[in-house]
There are 2 protein chains.
Amino acid sequence: MARKRLTREESRDQTHQRLLEAAALVIAKKGFAAASVEDITAQAGYTRGAFYSNFKSKAELFIELLSQDHQCVRQDLHEILDAPQSLEAIEEQITQYYLRVYRDEKNFILWAEARLLALRDAKFRARLNAYCLEKRDDIADVIARFYQMRGTKPPAPPKDLAFTTMALIDGMRFFNETIPKELSEEAAQNALGVIFTSTFFK
Amino acid sequence: MARKRLTREESRDQTHQRLLEAAALVIAKKGFAAASVEDITAQAGYTRGAFYSNFKSKAELFIELLSQDHQCVRQDLHEILDAPQSLEAIEEQITQYYLRVYRDEKNFILWAEARLLALRDAKFRARLNAYCLEKRDDIADVIARFYQMRGTKPPAPPKDLAFTTMALIDGMRFFNETIPKELSEEAAQNALGVIFTSTFFK
DNA sequence: GAATTCAGATACAACTGTGTATTAGAGTTC
DNA sequence: GAACTCTAATACACAGTTGTATCTGAATTC
């Protein structure tokens, strides 16, 4: 199994990507502040030299990591929800989608770290807010489309309801991680369902 | 204005309390990991010697800080909600209470830091979960009491609805801090109101 | 009021992390 | 294949953090 000899660019991209993946692991494990550049490069199998020739700073790397994840999540959402569908299908898919995010989203710790970092770093906050608003608007679109199809008026502006959704999911995601014993599948569905079944869609 | 000469115990308690207050400031400002013992004691006007003769570790101090805040918040909640009241009064007061928490709660950053720490430190998590469940049960009581007075069945077990409430408030609190421009008073009320007016209480 | 006790200051030794400057070695160009 | 260029390793100087060990002075005790 001859390993392909890489061009300079391929090699660099590989290093770049490996550092990002390593950072995701290490930051999730130790937290952004406690994750040293040394930790990250060691996890990736490099030394600090590789880091500084690929990124300006730890925050820069983190932003790029979040950006990649944001784009992935966004694409997922669009693939599921963009095709025109029936009222029932869309309702079902939204519920499924969020239950899936709630259960499977691996990177929520990274986003929690990021939010905390954003409170303290204005530049970082600006970048993060852009992602946040993009997501809110995507969700607001879905909500607006849903009510339009049904021909009823939403109980509040869709953008506000989108905030509700995001806040609730994030909060529950945390409980799910720290007190799983108190949050059976059923309890989680009850807690989330308040929005997805009782309010938005009834 | 003669300053009172303190007894040893008074002096120690004063130092202890000042360190806690300083820690609240510094941890909120720099984050738990980045806040060094040196930072905290300097902020309080002491040296590290004072810290190590008052606390076993930074995590220990943090737990005590959170414990104090938890007790305060809890007492507030009870004072407002414990007296038997009319249905309308309780509904109004819950809404007011949460709007107040939402707007005024100064220490939510500390709790956000704590949740992240809890993901990584089992002992810390156990302590924090205890506070979390105590709070959930307090809220669940209020919800149960409300439905009982009204004589209707809650849409889900009160404990689950309490999780919903806590998750939503925390999440919105974050948005309020990082994207205040997108969250007018009205938008916030809409986002929170989904629960307080549409679901729980209608 | 002398002896004692204890809160907190000071000094210290070990470690960890950072960023830059320099170097080695592999890819690229001609 | 010789000169070059760029990625990543290595070396280094420096700053910050930690916990303990020791010391000091004010409160306490007799």
# chains A, B, ... in the order shown; residues from 1 in each chain; ligands from 1
>>> calpha_fit_and_write(fixed="chain A", moving="chain B", output="short mmCIF file (atom, residue, chain, number, x, y, z; two decimals) with C-alpha atoms, in the first residue's frame")
data_model
loop_
_atom_site.label_atom_id
_atom_site.label_comp_id
_atom_site.auth_asym_id
_atom_site.auth_seq_id
_atom_site.Cartn_x
_atom_site.Cartn_y
_atom_site.Cartn_z
CA MET B 1 -0.75 -0.06 0.09
CA ALA B 2 1.54 2.58 -1.28
CA ARG B 3 0.82 5.89 0.39
CA LYS B 4 0.40 8.56 -2.18
CA ARG B 5 3.17 11.10 -2.30
CA LEU B 6 1.53 14.42 -1.62
CA THR B 7 2.11 17.72 -3.34
CA ARG B 8 3.07 20.61 -1.15
CA GLU B 9 -0.42 22.02 -1.23
CA GLU B 10 -2.10 18.72 -0.47
CA SER B 11 0.25 18.18 2.40
CA ARG B 12 -0.42 21.62 3.80
CA ASP B 13 -4.18 21.21 3.51
CA GLN B 14 -3.96 17.89 5.24
CA THR B 15 -2.01 19.38 8.12
CA HIS B 16 -4.43 22.29 8.30
CA GLN B 17 -7.42 19.99 8.49
CA ARG B 18 -5.81 17.64 10.97
CA LEU B 19 -5.04 20.55 13.24
CA LEU B 20 -8.66 21.64 13.08
CA GLU B 21 -9.89 18.18 13.95
CA ALA B 22 -7.40 17.84 16.78
CA ALA B 23 -8.45 21.25 18.08
CA ALA B 24 -12.09 20.15 18.12
CA LEU B 25 -11.18 17.20 20.31
CA VAL B 26 -8.88 19.04 22.66
CA ILE B 27 -11.06 22.12 23.06
CA ALA B 28 -14.10 19.96 23.78
CA LYS B 29 -12.10 18.01 26.32
CA LYS B 30 -10.22 20.75 28.17
CA GLY B 31 -11.98 23.94 27.20
CA PHE B 32 -10.76 26.71 24.94
CA ALA B 33 -8.66 28.52 27.52
CA ALA B 34 -7.04 25.39 28.93
CA ALA B 35 -6.32 23.89 25.52
CA SER B 36 -2.76 24.95 24.73
CA VAL B 37 -1.38 25.20 21.24
CA GLU B 38 1.01 22.46 22.31
CA ASP B 39 -1.91 20.19 23.29
CA ILE B 40 -3.58 20.69 19.96
CA THR B 41 -0.54 20.10 17.78
CA ALA B 42 0.50 17.07 19.86
CA GLN B 43 -2.96 15.59 19.44
CA ALA B 44 -2.63 16.08 15.69
CA GLY B 45 0.86 14.59 15.68
CA TYR B 46 2.72 17.80 14.87
CA THR B 47 4.74 20.40 16.75
CA ARG B 48 3.95 24.03 17.44
CA GLY B 49 5.82 25.02 14.31
CA ALA B 50 3.04 23.52 12.22
CA PHE B 51 0.45 25.50 14.10
CA TYR B 52 2.08 28.90 13.67
CA SER B 53 2.64 28.33 10.00
CA ASN B 54 -1.07 27.52 9.57
CA PHE B 55 -2.91 29.89 11.91
CA LYS B 56 -2.47 33.35 13.30
CA SER B 57 -3.82 32.48 16.72
CA LYS B 58 -5.86 29.99 18.68
CA ALA B 59 -8.95 32.18 18.34
CA GLU B 60 -8.43 32.28 14.58
CA LEU B 61 -8.30 28.51 14.41
CA PHE B 62 -11.38 28.26 16.60
CA ILE B 63 -13.36 30.57 14.37
CA GLU B 64 -12.43 28.48 11.35
CA LEU B 65 -13.47 25.34 13.18
CA LEU B 66 -16.84 26.85 14.07
CA SER B 67 -17.26 28.17 10.57
CA GLN B 68 -16.84 24.70 9.10
CA ASP B 69 -19.29 23.20 11.55
CA HIS B 70 -21.77 25.97 10.96
CA GLN B 71 -21.68 25.41 7.22
CA CYS B 72 -22.19 21.68 7.67
CA VAL B 73 -25.15 22.09 9.98
CA ARG B 74 -26.66 24.66 7.70
CA GLN B 75 -26.33 22.45 4.66
CA ASP B 76 -27.97 19.59 6.54
CA LEU B 77 -30.88 21.78 7.48
CA HIS B 78 -31.36 22.99 3.93
CA GLU B 79 -31.19 19.55 2.40
CA ILE B 80 -33.93 18.36 4.66
CA LEU B 81 -36.19 21.37 4.56
CA ASP B 82 -35.73 23.14 1.24
CA ALA B 83 -37.74 20.89 -1.01
CA PRO B 84 -41.39 21.99 -1.13
CA GLN B 85 -43.44 19.53 0.86
CA SER B 86 -46.78 18.88 2.42
CA LEU B 87 -47.71 20.41 5.74
CA GLU B 88 -47.55 17.09 7.52
CA ALA B 89 -44.21 16.19 6.00
CA ILE B 90 -42.61 19.45 7.02
CA GLU B 91 -43.95 19.23 10.55
CA GLU B 92 -42.68 15.69 10.89
CA GLN B 93 -39.31 16.58 9.45
CA ILE B 94 -38.77 19.57 11.70
CA THR B 95 -39.51 17.46 14.74
CA GLN B 96 -37.22 14.73 13.49
CA TYR B 97 -34.51 17.17 12.58
CA TYR B 98 -34.42 18.78 15.98
CA LEU B 99 -34.62 15.53 17.81
CA ARG B 100 -31.65 14.44 15.77
CA VAL B 101 -29.70 17.60 16.47
CA TYR B 102 -30.62 17.25 20.10
CA ARG B 103 -29.40 13.69 20.29
CA ASP B 104 -26.48 13.61 17.89
CA GLU B 105 -24.91 17.03 17.69
CA LYS B 106 -21.36 16.34 18.75
CA ASN B 107 -20.04 19.86 18.67
CA PHE B 108 -22.41 21.64 20.99
CA ILE B 109 -19.66 21.88 23.62
CA LEU B 110 -17.60 23.84 21.13
CA TRP B 111 -20.45 26.25 20.60
CA ALA B 112 -20.93 26.64 24.33
CA GLU B 113 -17.24 27.46 24.66
CA ALA B 114 -17.59 29.87 21.77
CA ARG B 115 -20.50 31.73 23.32
CA LEU B 116 -18.51 32.29 26.47
CA LEU B 117 -15.54 33.48 24.47
CA ALA B 118 -17.84 35.80 22.56
CA LEU B 119 -18.87 37.54 25.77
CA ARG B 120 -15.27 38.63 26.26
CA ASP B 121 -13.89 39.20 22.77
CA ALA B 122 -15.68 41.69 20.56
CA LYS B 123 -14.16 40.50 17.29
CA PHE B 124 -14.95 36.91 18.05
CA ARG B 125 -18.45 37.93 19.07
CA ALA B 126 -19.04 39.66 15.75
CA ARG B 127 -18.10 36.53 13.83
CA LEU B 128 -20.18 34.29 16.03
CA ASN B 129 -23.20 36.58 15.90
CA ALA B 130 -23.13 36.42 12.13
CA TYR B 131 -23.43 32.63 12.25
CA CYS B 132 -26.06 32.86 14.93
CA LEU B 133 -28.24 35.24 12.96
CA GLU B 134 -27.82 33.22 9.79
CA LYS B 135 -29.10 30.22 11.67
CA ARG B 136 -31.94 32.16 13.21
CA ASP B 137 -33.02 33.39 9.81
CA ASP B 138 -32.92 29.90 8.35
CA ILE B 139 -35.13 28.69 11.15
CA ALA B 140 -37.40 31.70 10.91
CA ASP B 141 -37.88 30.93 7.22
CA VAL B 142 -38.97 27.43 8.01
CA ILE B 143 -41.41 28.67 10.61
CA ALA B 144 -42.80 31.37 8.33
CA ARG B 145 -43.16 28.91 5.50
CA PHE B 146 -44.98 26.51 7.74
CA TYR B 147 -47.57 29.06 8.84
CA GLN B 148 -47.97 30.33 5.32
CA MET B 149 -48.72 26.85 4.03
CA ARG B 150 -51.22 26.37 6.76
CA GLY B 151 -52.70 29.79 6.24
CA THR B 152 -52.67 30.84 9.89
CA LYS B 153 -50.89 33.61 11.71
CA PRO B 154 -47.85 32.72 13.85
CA PRO B 155 -48.21 33.60 17.57
CA ALA B 156 -45.22 35.92 17.26
CA PRO B 157 -42.78 37.05 14.56
CA PRO B 158 -41.00 33.99 13.16
CA LYS B 159 -37.61 35.48 14.00
CA ASP B 160 -38.55 35.67 17.65
CA LEU B 161 -39.87 32.12 17.58
CA ALA B 162 -36.60 31.06 15.99
CA PHE B 163 -34.73 32.48 18.97
CA THR B 164 -37.04 30.53 21.22
CA THR B 165 -36.23 27.36 19.36
CA MET B 166 -32.49 27.85 19.44
CA ALA B 167 -32.44 28.82 23.10
CA LEU B 168 -34.52 25.85 24.11
CA ILE B 169 -32.53 23.31 22.13
CA ASP B 170 -29.22 24.59 23.45
CA GLY B 171 -30.42 24.62 27.01
CA MET B 172 -31.86 21.13 26.83
CA ARG B 173 -28.72 19.88 25.14
CA PHE B 174 -26.81 20.90 28.25
CA PHE B 175 -29.16 19.17 30.62
CA ASN B 176 -28.94 16.09 28.45
CA GLU B 177 -25.19 16.07 28.90
CA THR B 178 -24.97 16.84 32.59
CA ILE B 179 -28.04 15.16 34.06
CA PRO B 180 -28.89 12.37 31.60
CA LYS B 181 -30.52 10.33 34.33
CA GLU B 182 -33.16 12.96 34.91
CA LEU B 183 -33.87 13.30 31.24
CA SER B 184 -35.37 10.19 29.76
CA GLU B 185 -36.14 10.18 26.06
CA GLU B 186 -39.72 10.86 27.02
CA ALA B 187 -38.91 13.71 29.38
CA ALA B 188 -36.79 15.33 26.70
CA GLN B 189 -39.59 15.02 24.18
CA ASN B 190 -41.98 16.56 26.67
CA ALA B 191 -39.66 19.44 27.36
CA LEU B 192 -38.95 20.08 23.69
CA GLY B 193 -42.44 19.19 22.62
CA VAL B 194 -43.87 22.22 24.36
CA ILE B 195 -42.69 24.13 21.36
CA PHE B 196 -42.80 21.66 18.56
CA THR B 197 -46.19 20.27 19.21
CA SER B 198 -48.07 22.62 21.52
CA THR B 199 -47.21 26.07 20.42
CA PHE B 200 -45.77 26.40 16.99
CA PHE B 201 -47.75 23.69 15.38
CA LYS B 202 -51.11 23.59 16.99
#
>>> interface_residues(of="chain D", to="chain A", cutoff="8 Å", atoms="only C-alpha atoms (C1' of nucleotides)", output="list in words")
DT7, DA8 and DA9 of chain D
>>> closest_atom_pairs(of="chain C", to="chain A", cutoff="10 Å", atoms="only C-alpha atoms (C1' of nucleotides)", output="tab-separated table")
residue	atom	partner	partner_atom	distance
C:DT16	C1'	A:Ser36	CA	9.5
C:DG17	C1'	A:Ser36	CA	7.3
C:DT18	C1'	A:Val37	CA	9.0
C:DG19	C1'	A:Tyr52	CA	8.8
C:DA26	C1'	A:Arg8	CA	9.1
C:DG27	C1'	A:Arg8	CA	6.0
C:DT28	C1'	A:Arg8	CA	8.7
>>> select_by_dssp(residues="chain B", states="helix (DSSP H, G or I)", output="mmCIF file with C-alpha atoms, in the first residue's frame")
data_model
loop_
_atom_site.group_PDB
_atom_site.id
_atom_site.type_symbol
_atom_site.label_atom_id
_atom_site.label_comp_id
_atom_site.auth_asym_id
_atom_site.auth_seq_id
_atom_site.Cartn_x
_atom_site.Cartn_y
_atom_site.Cartn_z
ATOM 1 C CA ARG B 8 -9.785 37.398 64.340
ATOM 2 C CA GLU B 9 -12.924 35.634 63.220
ATOM 3 C CA GLU B 10 -14.551 38.762 61.837
ATOM 4 C CA SER B 11 -11.408 39.574 59.973
ATOM 5 C CA ARG B 12 -11.187 36.109 58.503
ATOM 6 C CA ASP B 13 -14.829 36.119 57.439
ATOM 7 C CA GLN B 14 -14.346 39.472 55.823
ATOM 8 C CA THR B 15 -11.368 38.227 53.855
ATOM 9 C CA HIS B 16 -13.263 35.090 52.896
ATOM 10 C CA GLN B 17 -16.205 37.074 51.617
ATOM 11 C CA ARG B 18 -14.070 39.613 49.808
ATOM 12 C CA LEU B 19 -12.255 36.830 48.020
ATOM 13 C CA LEU B 20 -15.576 35.373 46.917
ATOM 14 C CA GLU B 21 -16.758 38.705 45.589
ATOM 15 C CA ALA B 22 -13.479 39.330 43.817
ATOM 16 C CA ALA B 23 -13.655 35.855 42.307
ATOM 17 C CA ALA B 24 -17.133 36.572 40.959
ATOM 18 C CA LEU B 25 -15.813 39.637 39.166
ATOM 19 C CA VAL B 26 -12.657 38.072 37.820
ATOM 20 C CA ILE B 27 -14.229 34.790 36.749
ATOM 21 C CA ALA B 28 -17.020 36.633 34.955
ATOM 22 C CA LYS B 29 -14.467 38.822 33.241
ATOM 23 C CA LYS B 30 -11.783 36.316 32.231
ATOM 24 C CA VAL B 37 -5.555 32.692 41.931
ATOM 25 C CA GLU B 38 -3.233 35.677 41.714
ATOM 26 C CA ASP B 39 -5.840 37.651 39.712
ATOM 27 C CA ILE B 40 -8.511 36.938 42.255
ATOM 28 C CA THR B 41 -6.517 37.807 45.345
ATOM 29 C CA ALA B 42 -5.117 40.952 43.706
ATOM 30 C CA GLN B 43 -8.636 42.062 42.840
ATOM 31 C CA ALA B 44 -9.600 41.561 46.472
ATOM 32 C CA ARG B 48 -2.064 34.350 47.344
ATOM 33 C CA GLY B 49 -1.324 33.515 50.951
ATOM 34 C CA ALA B 50 -4.800 34.687 51.890
ATOM 35 C CA PHE B 51 -6.348 32.477 49.268
ATOM 36 C CA TYR B 52 -4.643 29.259 50.315
ATOM 37 C CA LYS B 58 -10.147 27.432 42.859
ATOM 38 C CA ALA B 59 -12.924 24.938 42.133
ATOM 39 C CA GLU B 60 -13.750 24.831 45.840
ATOM 40 C CA LEU B 61 -14.073 28.599 45.959
ATOM 41 C CA PHE B 62 -16.192 28.560 42.821
ATOM 42 C CA ILE B 63 -18.588 26.027 44.266
ATOM 43 C CA GLU B 64 -19.002 28.159 47.364
ATOM 44 C CA LEU B 65 -19.640 31.201 45.211
ATOM 45 C CA LEU B 66 -22.304 29.369 43.231
ATOM 46 C CA SER B 67 -23.800 27.964 46.381
ATOM 47 C CA GLN B 68 -24.273 31.440 47.826
ATOM 48 C CA ASP B 69 -25.844 32.710 44.635
ATOM 49 C CA HIS B 70 -28.078 29.689 44.382
ATOM 50 C CA GLN B 71 -29.371 30.205 47.895
ATOM 51 C CA CYS B 72 -30.067 33.873 47.213
ATOM 52 C CA VAL B 73 -31.957 33.193 44.016
ATOM 53 C CA ARG B 74 -33.912 30.451 45.680
ATOM 54 C CA GLN B 75 -34.899 32.636 48.585
ATOM 55 C CA ASP B 76 -36.049 35.342 46.184
ATOM 56 C CA LEU B 77 -38.203 32.879 44.329
ATOM 57 C CA HIS B 78 -39.784 31.572 47.505
ATOM 58 C CA GLU B 79 -40.506 34.996 48.918
ATOM 59 C CA ILE B 80 -42.380 35.925 45.814
ATOM 60 C CA LEU B 81 -44.217 32.702 45.182
ATOM 61 C CA LEU B 87 -54.613 32.491 39.993
ATOM 62 C CA GLU B 88 -54.164 35.837 38.306
ATOM 63 C CA ALA B 89 -51.685 37.056 40.884
ATOM 64 C CA ILE B 90 -49.508 33.987 40.571
ATOM 65 C CA GLU B 91 -49.537 34.122 36.784
ATOM 66 C CA GLU B 92 -48.586 37.772 36.841
ATOM 67 C CA GLN B 93 -45.875 37.213 39.393
ATOM 68 C CA ILE B 94 -44.280 34.329 37.551
ATOM 69 C CA THR B 95 -44.102 36.389 34.397
ATOM 70 C CA GLN B 96 -42.688 39.322 36.313
ATOM 71 C CA TYR B 97 -40.238 37.165 38.168
ATOM 72 C CA TYR B 98 -38.798 35.617 35.055
ATOM 73 C CA LEU B 99 -38.672 38.860 33.203
ATOM 74 C CA ARG B 100 -36.730 40.220 36.133
ATOM 75 C CA VAL B 101 -34.349 37.281 36.236
ATOM 76 C CA TYR B 102 -33.967 37.588 32.508
ATOM 77 C CA ARG B 103 -33.118 41.259 32.681
ATOM 78 C CA ASP B 104 -31.258 41.607 35.950
ATOM 79 C CA PHE B 108 -25.565 34.075 34.672
ATOM 80 C CA ILE B 109 -22.058 34.153 33.183
ATOM 81 C CA LEU B 110 -20.827 32.384 36.286
ATOM 82 C CA TRP B 111 -23.424 29.688 35.832
ATOM 83 C CA ALA B 112 -22.513 29.304 32.183
ATOM 84 C CA GLU B 113 -18.883 28.864 33.197
ATOM 85 C CA ALA B 114 -19.978 26.399 35.827
ATOM 86 C CA ARG B 115 -21.950 24.269 33.399
ATOM 87 C CA LEU B 116 -18.930 23.955 31.163
ATOM 88 C CA LEU B 117 -16.755 23.050 34.110
ATOM 89 C CA ALA B 118 -19.334 20.479 35.143
ATOM 90 C CA LEU B 119 -18.992 18.692 31.815
ATOM 91 C CA ARG B 120 -15.358 17.983 32.654
ATOM 92 C CA ALA B 122 -17.445 14.818 37.909
ATOM 93 C CA LYS B 123 -17.301 16.111 41.480
ATOM 94 C CA PHE B 124 -18.130 19.607 40.402
ATOM 95 C CA ARG B 125 -20.922 18.255 38.234
ATOM 96 C CA ALA B 126 -22.469 16.426 41.171
ATOM 97 C CA ARG B 127 -22.592 19.609 43.234
ATOM 98 C CA LEU B 128 -23.972 21.654 40.389
ATOM 99 C CA ASN B 129 -26.599 19.067 39.497
ATOM 100 C CA ALA B 130 -27.872 19.173 43.046
ATOM 101 C CA TYR B 131 -28.497 22.917 42.739
ATOM 102 C CA CYS B 132 -29.971 22.455 39.311
ATOM 103 C CA LEU B 133 -32.455 19.833 40.447
ATOM 104 C CA GLU B 134 -33.390 21.846 43.509
ATOM 105 C CA LYS B 135 -34.218 24.724 41.234
ATOM 106 C CA ARG B 136 -36.115 22.523 38.833
ATOM 107 C CA ASP B 137 -38.203 21.143 41.665
ATOM 108 C CA ASP B 138 -38.976 24.600 42.981
ATOM 109 C CA ILE B 139 -40.170 25.625 39.555
ATOM 110 C CA ALA B 140 -42.056 22.392 39.045
ATOM 111 C CA ASP B 141 -43.882 23.061 42.320
ATOM 112 C CA VAL B 142 -44.972 26.442 41.106
ATOM 113 C CA ILE B 143 -46.201 24.993 37.846
ATOM 114 C CA ALA B 144 -48.027 22.132 39.555
ATOM 115 C CA ARG B 145 -49.607 24.501 42.019
ATOM 116 C CA PHE B 146 -50.746 26.730 39.219
ATOM 117 C CA TYR B 147 -52.513 23.944 37.338
ATOM 118 C CA GLN B 148 -54.003 22.595 40.517
ATOM 119 C CA MET B 149 -55.505 25.955 41.385
ATOM 120 C CA ARG B 150 -56.916 26.214 37.931
ATOM 121 C CA PRO B 158 -44.380 19.774 35.731
ATOM 122 C CA LYS B 159 -40.779 18.656 36.175
ATOM 123 C CA ASP B 160 -40.349 18.425 32.427
ATOM 124 C CA LEU B 161 -41.956 21.810 31.945
ATOM 125 C CA ALA B 162 -39.586 23.179 34.566
ATOM 126 C CA PHE B 163 -36.648 22.000 32.470
ATOM 127 C CA THR B 164 -38.197 23.735 29.500
ATOM 128 C CA THR B 165 -38.423 26.951 31.460
ATOM 129 C CA MET B 166 -34.869 26.840 32.714
ATOM 130 C CA ALA B 167 -33.427 25.932 29.327
ATOM 131 C CA LEU B 168 -35.309 28.696 27.580
ATOM 132 C CA ILE B 169 -34.412 31.394 30.079
ATOM 133 C CA ASP B 170 -30.741 30.483 30.032
ATOM 134 C CA GLY B 171 -30.592 30.372 26.284
ATOM 135 C CA MET B 172 -32.351 33.698 25.867
ATOM 136 C CA ARG B 173 -30.146 35.238 28.521
ATOM 137 C CA PHE B 174 -27.174 34.460 26.317
ATOM 138 C CA PHE B 175 -28.700 35.979 23.229
ATOM 139 C CA ASN B 176 -29.566 39.028 25.262
ATOM 140 C CA GLU B 177 -25.929 39.446 26.166
ATOM 141 C CA THR B 178 -24.337 38.756 22.809
ATOM 142 C CA PRO B 180 -28.782 42.778 22.248
ATOM 143 C CA LYS B 181 -29.539 44.685 19.070
ATOM 144 C CA GLU B 182 -31.527 41.805 17.659
ATOM 145 C CA GLU B 185 -37.706 44.142 24.826
ATOM 146 C CA GLU B 186 -40.630 43.111 22.681
ATOM 147 C CA ALA B 187 -38.752 40.392 20.825
ATOM 148 C CA ALA B 188 -37.565 38.961 24.113
ATOM 149 C CA GLN B 189 -41.097 38.941 25.480
ATOM 150 C CA ASN B 190 -42.280 37.204 22.345
ATOM 151 C CA ALA B 191 -39.585 34.588 22.583
ATOM 152 C CA LEU B 192 -40.159 33.967 26.283
ATOM 153 C CA GLY B 193 -43.869 34.481 26.028
ATOM 154 C CA VAL B 194 -44.280 31.352 23.971
ATOM 155 C CA ILE B 195 -44.048 29.527 27.236
ATOM 156 C CA PHE B 196 -45.396 31.929 29.758
ATOM 157 C CA THR B 197 -48.460 32.976 27.921
ATOM 158 C CA SER B 198 -49.151 30.483 25.153
ATOM 159 C CA THR B 199 -48.394 27.120 26.561
#
>>> atom_distance(atom1="atom C1' of C:DG25", atom2="atom C1' of D:DG1")
16.6 Å
>>> decode(residues="stretch 150-164 of chain B", atoms="N, CA and C atoms", output="compact mmCIF listing (two decimals), in the first residue's frame")
# COMPACT_ATOMS: atom_id res chain seq x y z
N ARG B 150 -56.03 25.97 39.06
CA ARG B 150 -56.92 26.21 37.93
C ARG B 150 -57.77 24.99 37.64
N GLY B 151 -57.35 23.86 38.17
CA GLY B 151 -58.13 22.66 37.98
C GLY B 151 -58.02 22.04 36.60
N THR B 152 -56.92 22.31 35.90
CA THR B 152 -56.71 21.67 34.60
C THR B 152 -55.45 20.81 34.65
N LYS B 153 -55.29 20.01 33.64
CA LYS B 153 -54.13 19.12 33.59
C LYS B 153 -52.99 19.81 32.83
N PRO B 154 -51.78 19.77 33.38
CA PRO B 154 -50.64 20.35 32.64
C PRO B 154 -50.38 19.54 31.36
N PRO B 155 -49.82 20.19 30.32
CA PRO B 155 -49.57 19.49 29.05
C PRO B 155 -48.47 18.44 29.13
N ALA B 156 -47.73 18.47 30.23
CA ALA B 156 -46.66 17.49 30.45
C ALA B 156 -46.34 17.53 31.93
N PRO B 157 -45.59 16.53 32.45
CA PRO B 157 -45.23 16.57 33.86
C PRO B 157 -44.56 17.88 34.22
N PRO B 158 -44.95 18.48 35.33
CA PRO B 158 -44.38 19.77 35.73
C PRO B 158 -42.85 19.79 35.76
N LYS B 159 -42.24 18.69 36.14
CA LYS B 159 -40.78 18.66 36.18
C LYS B 159 -40.19 18.85 34.78
N ASP B 160 -40.83 18.26 33.80
CA ASP B 160 -40.35 18.42 32.43
C ASP B 160 -40.55 19.87 31.97
N LEU B 161 -41.71 20.41 32.32
CA LEU B 161 -41.96 21.81 31.94
C LEU B 161 -40.98 22.76 32.64
N ALA B 162 -40.57 22.36 33.85
CA ALA B 162 -39.59 23.18 34.57
C ALA B 162 -38.26 23.19 33.82
N PHE B 163 -37.86 22.05 33.30
CA PHE B 163 -36.65 22.00 32.47
C PHE B 163 -36.79 22.94 31.27
N THR B 164 -37.94 22.85 30.64
CA THR B 164 -38.20 23.73 29.50
C THR B 164 -37.95 25.18 29.89
